[in-house]
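A.B. asks: Following this message is one structure expressed as structure tokens.
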Amino acid sequence: MDGWSFIRLVHALRQVSLSISSQDILEAQTCLVRFPEISEKQIVKSIFIHRPQDSTIFESVWRILIENPESRVESFSEDKTINADLEDTQDSSGIGGQGVGRGSGGVSLTAQGNLLDSSNVSTLVPFSRLEKLTCSELEFEEMVKTILAEMDYYTWINSYDLAYKRSEISEETWYKHQDIRAALISEIRQQLLTAQVRHENSWEPLVRQHWLFKSLSTLTANEKELVKSSIRKWARKLAVRPGTRWKSSHKGLIDITRIVQQSVQSNGFIFRLNYRQRIPRASELVVLCDVSNSMAAFVEFLIYLVTCLRARFRKIRVFFFIDSVWDVSEFVCDDDLSGVKQEIKSSGDKVSSGFSDYGAVFKELAENKLKAVSTRATLVILGDGKNNYRPAQTEYLAQISEKVRNVFWLNPLDVQEWDERDNMMKEYQNYCSKVYRCRSANDLHQIVQDVF
């Protein structure tokens with residue numbers, strides 16, 4: 001790797017939100033010179049990647065920058081035993097007698113003789129087709145689905161599923177097919193990202209696919225676990241805040257009063273410095289969560305944040321609402337969230353219309369629930385602010401705001417969507433301490449850093 005490629009790599013990794021220090025760069029350069037027998041990729045990756053979850057984004061950047069994107073990429077050849085097992089089950093229409101389908105994106109996966117033998121995705125899907133899709137207004141996942149459909153991917157996997165159910169293929173063949181299926185989708189995503197980066201002449205497409213920046217509603221199962229792991233770490237900082245009382249400490253602020261007292265006892269001599277820190281206090285937390293359909297994709301993570309906080313707050317109360325309020329505090333004690341999820345599913349028994357009514361909810365909270373809430377409590381509202389053209393009734397949110405210490409509103413919608421006609425955020429935010437967009441893991445992280 002020449003110096004220019006190394007500089008471009010560092011710049012790209014920083015652009016996609018990886019933290020690379022000057023010391024990391026120095027160590028990488030030193031190791032590249034001292035250990036020529038070790039692959040450059042292995043050296044750079046071991047030094048630059050500090051979190052396992054960033055490995056995928058590193059691989060994408062490396063392939064786009066260092067490997068030639070025009071060259072033939074990894075081959076996804078099926079094992080010969082797979083073709084042997086399927087030889088008797090194929091006819092001119094493909095595996096299991098299924099139809100060929102459109103196949104307009106290139107080679108059809110269902111056509112006889114084209115079962116990924118000695119082939120790769122750059123052959124199956126022409127790069128010109130990928131570039132054409134990047135110019136469309138489709139979301140990334142929609143483009144992936146379009147490519148898969150054009151390759152007859154869904155007919156292909158259904159054929160294998162049917163053959164497996166009929167016991168026409170072995171267990172070993174079935175599991176190998178699962179691996180090939182996953183590798184195929186991964187390669188298509190990589191090729192599409194490459195096309196987007198080249199088209200936009202920017203690393204922004206990769207940033208949008210990083211788990212920290214993806215919408216919580218589009219995360220994969222593995223990415224969901226990464227987010228939950230991060231939430232647990234952030235919760236430790238979120239729950240405990242400095243109090244008004246002080247205690248002696250080995251470090252912190254210099255305790256002038258203590259130093260003077262000791263110097264008087266020692267005839268004015270100062271033998272050592274004394275420090276003090278604020279005693280942490282556990283606040284009370286009240287969570288008001290919209291569980292209507294428009295919030296369904298985000299509720300799981302926000303409630304998971306609440307469950308992480310429950311052991312650290314002195315008292316925590318959780319309310320669900322759509323057009324009325326009900327208390328679910330007892331269910332946040334379950335780590336698996338089974339009780340919470342069941343409450344969300346049974347919400348139809350507790351509402352009248354099924355559509356959000358923030359005004360009615362704030363009125364009910366202020367009149368019936370507010371008396372039991374401490375003045376030291378922090379209220380966190382999780383909702384999109386869509387009131388379905390009903391009265392905002394901001395006076396009740398004003399009463400709530402005067403009662404509690406802080407009101408923080410976490411909204412999964414982009415800020416420009418707050419101006420829509422049925423959205424009351426512009427009115428409600430006047431009675432909140434802070435209002436944030438909370439759509440991704442990175443948003444959650446920024447909220448914790450800024451507020452708590």
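Identifiers in the structure tokens: chain A, B, ... in order shown; residue index from 1 per chain; ligand index from 1 in order shown.
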If we count only C-alpha atoms and set the cut-off at 12 Å, which residues sit around A:Asn406, ignoring sequence neighbours fewer than 6 positions away in its own chain? Please answer as a tab-separated table (two decimals) with C-alpha atoms, in the first residue's frame.
C.D. replies:
```
chain	number	residue	atom	x	y	z
A	283	SER	CA	-33.68	10.94	40.23
A	284	GLU	CA	-37.24	9.89	39.62
A	285	LEU	CA	-38.21	9.11	36.05
A	286	VAL	CA	-41.63	9.20	34.39
A	287	VAL	CA	-41.90	7.86	30.84
A	374	SER	CA	-42.56	14.07	42.52
A	375	THR	CA	-41.46	17.62	41.75
A	376	ARG	CA	-37.93	16.21	41.33
A	377	ALA	CA	-39.05	13.85	38.58
A	378	THR	CA	-37.92	13.97	34.98
A	379	LEU	CA	-40.60	13.33	32.35
A	380	VAL	CA	-39.50	11.70	29.10
A	381	ILE	CA	-42.06	11.69	26.29
A	397	LEU	CA	-48.67	20.05	29.08
A	398	ALA	CA	-47.88	23.44	30.61
A	400	ILE	CA	-47.14	19.08	33.74
A	431	TYR	CA	-43.26	23.51	27.23
A	432	CYS	CA	-40.33	21.07	27.04
A	433	SER	CA	-36.84	21.48	28.47
A	434	LYS	CA	-35.36	19.86	25.35
A	435	VAL	CA	-36.79	18.25	22.21
A	451	VAL	CA	-28.76	16.20	28.42
A	452	PHE	CA	-27.40	13.91	31.03
```
A.B. asks: Please provide the set of residues having any atom within 9 Å of stretch 189-194 of chain A, restricted to only C-alpha atoms, with same-chain residues fewer than 6 positions apart removed, written as a ChimeraX atom specification.
C.D. replies: /A:60-61,63-64,69,121-122,127,130-131,133-134,140-141,143-144,205-206,209
A.B. asks: Grab the atom CA of A:Ser324 to atom CA of A:Val361 distance for me, in Å with one decimal place.
C.D. replies: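 Answer for the atom CA of A:Ser324 to atom CA of A:Val361 separation: 5.4 Å.
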A.B. asks: For atom CA of A:Lys233 and atom CA of A:Val207, determine how far apart the two atoms are, in Å to one decimal place.
C.D. replies: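 Separation of atom CA of A:Lys233 and atom CA of A:Val207: 22.3 Å.
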A.B. asks: Can you work out the spacing between atom CA of A:His11 and atom CA of A:Ser186 in Å, to one decimal?
C.D. replies: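 A separation of 24.4 Å between them.
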A.B. asks: Write out as a list of chain:residue names each polymer residue whose atoms come within 9 Å of A:Asn442, counting only C-alpha atoms; drop sequence neighbours fewer than 4 positions from it.
C.D. replies: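 Residues meeting the cut-off are A:Trp211, A:Leu212, A:Phe213, A:Lys214, A:Cys438, A:Gln446, A:Ile447.
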A.B. asks: For the selection just defined, write its residues with C-alpha atoms to a file, as a PDB file, in the first residue's frame.
C.D. replies:
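Listed below is the output, selection33.pdb:
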```
ATOM      1  CA  TRP A 211     -25.601   0.631  12.558  1.00  0.00           C
ATOM      2  CA  LEU A 212     -25.180   3.820  14.583  1.00  0.00           C
ATOM      3  CA  PHE A 213     -26.894   5.930  11.929  1.00  0.00           C
ATOM      4  CA  LYS A 214     -29.478   3.557  10.482  1.00  0.00           C
ATOM      5  CA  CYS A 438     -34.441  10.155  18.247  1.00  0.00           C
ATOM      6  CA  GLN A 446     -26.069  12.306  21.403  1.00  0.00           C
ATOM      7  CA  ILE A 447     -29.095  12.803  23.664  1.00  0.00           C
TER       8      ILE A 447
END
```
A.B. asks: Compare A:Asn411, A:Gln262, A:Ser401, A:Thr220 by their minimum atom-to-atom distance to A:Arg439, counting only C-alpha atoms, and give me the closest one.
C.D. replies: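 Among the listed residues, the smallest separation from A:Arg439 belongs to A:Asn411.
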A.B. asks: As a list in words, please: the residues near stretch 23-26 of chain A (cut-off 7 Å, only C-alpha atoms, same-chain neighbours under 4 positions excluded).
C.D. replies: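 What passes the distance filter is Thr30, Ile47 and Phe48 of chain A.
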A.B. asks: Could the residues in this selection be written to a file with C-alpha atoms, as a JSON list (two decimals), in the first residue's frame?
C.D. replies:
```json
[["chain", "number", "residue", "atom", "x", "y", "z"],
["A", 30, "THR", "CA", 5.39, 1.46, 11.94],
["A", 47, "ILE", "CA", -5.02, -1.17, 14.73],
["A", 48, "PHE", "CA", -7.85, 0.97, 13.34]]
```
